[in-house]
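Asker: Below: one structure in structure tokens.
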Amino acid sequence: MPVRVAMGPRDLENGTLEIARRDNLTKESREFEGTENHICSLLDQIQDNIYTKALKFREENTINIDDYETFKQKIEEGGFLMCHWDGTAETEAKIKEETKATIRCIPLEGPSPEDGKCIYSGKPSVGRVIFARAY
Amino acid sequence: MAKEIVNREENYSLWYNNLVTKADLAENSAVRGCMVIKPYGYAIWEKMQAQLDKMFKETGHVNAYFPLFIPKSFLSKEAEHVEGFAKECAVVTHHRLMANPDGPGVVVDPDAKLEEELVVRPTSETIIWNTYRNWIKSYRDLPILINQWANVVRWEMRTRLFLRTTEFLWQEGHTAHSTKQEAIEETEKMVNVYATFAREFMAMPVIVGRKTESERFAGALDTLCIEALMQDGKALQAGTSHFLGQNFAKAFDVQFANKEGTLDYVWASSWGVSTRLMGALVMAHSDNNGLVLPPKLAPIHVVMVPIFKTDEEHSRVIEKMELLKSRLEKLNITVKIDDRDNLRS
């Protein structure tokens with residue numbers, strides 16, 4: 001459950017309760033009156049917070065790689081490896097065979113495509129694609 | 001609960017399995033590769049379904065239902081499609097059992113062999129496009145914007161709860177259009193619906209992209225997808241939307257008379273997400289203490305725990321909690337008062 005509310009006899013005396021958040025494991029004591037509105041906005045905050053956290057994780061684990069040796073090392077650590085690819089199924093299959101990484105997609109959003117050279121064949125590429133090991 | 005979950009840094013795969021089973025989302029069944037979705041897991045799936053269904057209807061789609069079984073001959077009508085799915089099809093060959101003449105139990109009645117074997121649907125393009133042939137005569141019958149909520153079977157060798165199971169639940173949209181442009185726009189529209197759902201409801205960042213030719217859906221001219229990154233650094237394909245061109249219309253001879261009165265093949269899209277999203281949801285946010293759910297998909301938002309020593313204290317605390325519960329419910333927040341006796345301090 002995203003939010004946990006605890007209340008005991010002392011809270012009854014003081015007109016308080018304790019609110020715990022599951023996402024960041026913080027707790028706070030609050031006035032009983034008006035708690036419903038607080039919880040309502042807290043749920044929105046939690047929704048935003050876990051998205052931001054997951055986005056930060058993805059950004060920290062998305063890197064541009066421009067040579068195949070580095071690629072082979074980095075793929076062991078996981079993450080999205082943004083690389084130039086020559087557009088051929090042969091290169092895609094070779095990389096998969098050698099590293100178990102597949103092209104997850106040719107992104108349709110994010111930074112605009114830049115020209116480069118394929119990390120495997122050195123042939124021209126028109127934009128980076130996302131390599132990763134996948135479920 | 002927390003103590004029974006292995007640390008994700010130690011063994012990510014076991015951490016995931018621990019989470020799914022300890023949080024009572026699902027468990028393995030007597031049938032290899034098939035899972036039992038338990039009530040709490042199903043409640044989350046229902047929240048997902050409800051939201052997606054709303055978004056499909058807002059974009060003009062309606063629901064319908066097509067058969068679980070597909071005549072074997074249908075599958076081979078689209079060459080690439082059958083090649084892609086042949087290796088994972090469950091096939092029904094007989095329709096009756098009989099008492100075992102040589103001992104206890106029952107055996108398949110050899111006299112009950114089906115004339116044509118039936119495939120348990122791995123996806124429904126073939127049965128649906130065979131049906132659309134009878135529905136579509138003219139441009140006035142188009143577009144058809146249908147979605148179905150169903151189960152499908154793909155015989156998987158290595159399975160994991162929610163992420164890859166032999167039988168899974170999903171939705172599959174199958175649309176028919178009079179122009180190529182309209183079918184492409186539909187394909188793009190639906191991948192963006194999935195992206196919005198993932199970001200705003202699952203709180204899961206995704207990248208919208210295009211599959212390479214070798215990763216494309218079997219029978220599609222173009223496959224768009226949403227891809228997410230899991231906490232162990234592996235990617236997870238969370239949804240796909242396909243532009244099918246006229247491939248299935250040609251395979252099933254679905255033609256329409258256009259405004260000029262000439263016949264043309266119908267353009268198609270198909271798109272789907274499955275209970276795999278449950279696996280993605282679990283992996284996206286949870287930690288070593290257990291499951292973390294985004295409020296928008298949590299079946300229960302707030303759990304209240306009373307602390308008390310005497311029955312008198314108990315009833316006073318519960319009374320106050322009931323008051324807060326009713327106030328929260330007016331704001332559409334779901335509340336559970338965890339009033340088990342063993343919580344007595």
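By order of appearance in the structure tokens: chains A, B, ..., then residues from 1 within every chain, and ligands from 1 in the order shown.
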Given a cut-off of 8 Å, which residues of chain A touch chain B, counting only C-alpha atoms, written out as a ChimeraX atom specification?
Answerer: /A:1-9,12,22-23,35-36,40,43-44,46-48,50-51,54-55,57-58,61,77-80,89,103-109,132-135
Asker: Quick one: DSSP strand (DSSP E or B) residues in range 187-289 of chain B, as an MDAnalysis selection string?
Answerer: chainID B and resid 207:210 222:229 235:245 255:257 263:265 267:274 287
Asker: May I ask which of the residues A:Ser112, A:Arg128, A:Ser121, A:Arg21 is the closest one to Asn49 in chain A, counting only C-alpha atoms?
Answerer: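 Among A:Ser112, A:Arg128, A:Ser121, A:Arg21, it is A:Arg21 that comes nearest to Asn49 in chain A.
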Asker: Give the helix (DSSP H, G or I) residues of range 136-316 of chain B, as assigned by DSSP on the backbone, as a PyMOL selection string.
Answerer: chain B and resi 139-141+180-200+213-215+247-251+276-285+295-297+311-316
Asker: How about saving the chosen residues, C-alpha atoms kept, as a PDB file, in the first residue's frame?
Answerer:
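Output saved as again_24.pdb:
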ATOM      1  CA  TYR B 139     -15.655   2.036 -47.850  1.00  0.00           C
ATOM      2  CA  ARG B 140     -18.792   2.731 -45.788  1.00  0.00           C
ATOM      3  CA  ASP B 141     -17.965  -0.320 -43.644  1.00  0.00           C
ATOM      4  CA  LYS B 180      -2.577   3.228 -45.924  1.00  0.00           C
ATOM      5  CA  GLN B 181      -2.166   6.603 -44.249  1.00  0.00           C
ATOM      6  CA  GLU B 182      -5.065   5.986 -41.863  1.00  0.00           C
ATOM      7  CA  ALA B 183      -3.692   2.572 -40.817  1.00  0.00           C
ATOM      8  CA  ILE B 184      -0.260   4.088 -40.182  1.00  0.00           C
ATOM      9  CA  GLU B 185      -1.808   6.880 -38.117  1.00  0.00           C
ATOM     10  CA  GLU B 186      -3.724   4.279 -36.071  1.00  0.00           C
ATOM     11  CA  THR B 187      -0.499   2.319 -35.437  1.00  0.00           C
ATOM     12  CA  GLU B 188       1.191   5.485 -34.185  1.00  0.00           C
ATOM     13  CA  LYS B 189      -1.811   6.594 -32.152  1.00  0.00           C
ATOM     14  CA  MET B 190      -1.971   3.310 -30.249  1.00  0.00           C
ATOM     15  CA  VAL B 191       1.720   3.085 -29.410  1.00  0.00           C
ATOM     16  CA  ASN B 192       1.331   6.553 -27.955  1.00  0.00           C
ATOM     17  CA  VAL B 193      -1.681   5.424 -25.918  1.00  0.00           C
ATOM     18  CA  TYR B 194       0.553   2.700 -24.472  1.00  0.00           C
ATOM     19  CA  ALA B 195       3.337   5.188 -23.756  1.00  0.00           C
ATOM     20  CA  THR B 196       0.909   7.503 -21.952  1.00  0.00           C
ATOM     21  CA  PHE B 197      -0.483   4.602 -19.933  1.00  0.00           C
ATOM     22  CA  ALA B 198       3.012   3.408 -18.942  1.00  0.00           C
ATOM     23  CA  ARG B 199       4.194   6.876 -17.927  1.00  0.00           C
ATOM     24  CA  GLU B 200       1.112   8.296 -16.252  1.00  0.00           C
ATOM     25  CA  GLU B 213      13.139  -5.751 -39.544  1.00  0.00           C
ATOM     26  CA  SER B 214      14.382  -8.842 -37.704  1.00  0.00           C
ATOM     27  CA  GLU B 215      12.567  -7.929 -34.476  1.00  0.00           C
ATOM     28  CA  ASN B 247      -0.866  -8.521 -45.841  1.00  0.00           C
ATOM     29  CA  PHE B 248      -3.799 -10.017 -43.959  1.00  0.00           C
ATOM     30  CA  ALA B 249      -6.393  -8.532 -46.314  1.00  0.00           C
ATOM     31  CA  LYS B 250      -4.617 -10.244 -49.202  1.00  0.00           C
ATOM     32  CA  ALA B 251      -4.223 -13.515 -47.282  1.00  0.00           C
ATOM     33  CA  ARG B 276       3.660  -8.924 -18.907  1.00  0.00           C
ATOM     34  CA  LEU B 277       2.956  -5.344 -17.805  1.00  0.00           C
ATOM     35  CA  MET B 278       2.427  -6.771 -14.307  1.00  0.00           C
ATOM     36  CA  GLY B 279       6.001  -8.025 -14.320  1.00  0.00           C
ATOM     37  CA  ALA B 280       7.221  -4.658 -15.545  1.00  0.00           C
ATOM     38  CA  LEU B 281       5.262  -2.874 -12.828  1.00  0.00           C
ATOM     39  CA  VAL B 282       6.718  -5.068 -10.093  1.00  0.00           C
ATOM     40  CA  MET B 283      10.279  -4.663 -11.365  1.00  0.00           C
ATOM     41  CA  ALA B 284      10.078  -0.948 -12.084  1.00  0.00           C
ATOM     42  CA  HIS B 285       9.547   0.334  -8.533  1.00  0.00           C
ATOM     43  CA  PRO B 295      -1.043   4.933  -6.334  1.00  0.00           C
ATOM     44  CA  LYS B 296      -2.955   5.061  -9.635  1.00  0.00           C
ATOM     45  CA  LEU B 297      -2.809   1.259  -9.948  1.00  0.00           C
ATOM     46  CA  ASP B 311     -10.676  -3.218  24.067  1.00  0.00           C
ATOM     47  CA  GLU B 312     -11.779   0.262  25.091  1.00  0.00           C
ATOM     48  CA  GLU B 313      -8.752   1.831  23.360  1.00  0.00           C
ATOM     49  CA  HIS B 314      -9.348  -0.368  20.371  1.00  0.00           C
ATOM     50  CA  SER B 315     -12.914   0.783  19.844  1.00  0.00           C
ATOM     51  CA  ARG B 316     -11.976   4.464  20.286  1.00  0.00           C
TER      52      ARG B 316
END
Asker: What is the CA of Trp85 in chain A to CA of Asp222 in chain B distance in Å?
Answerer: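 According to the coordinates, CA of Trp85 in chain A and CA of Asp222 in chain B are separated by 18.5 Å.
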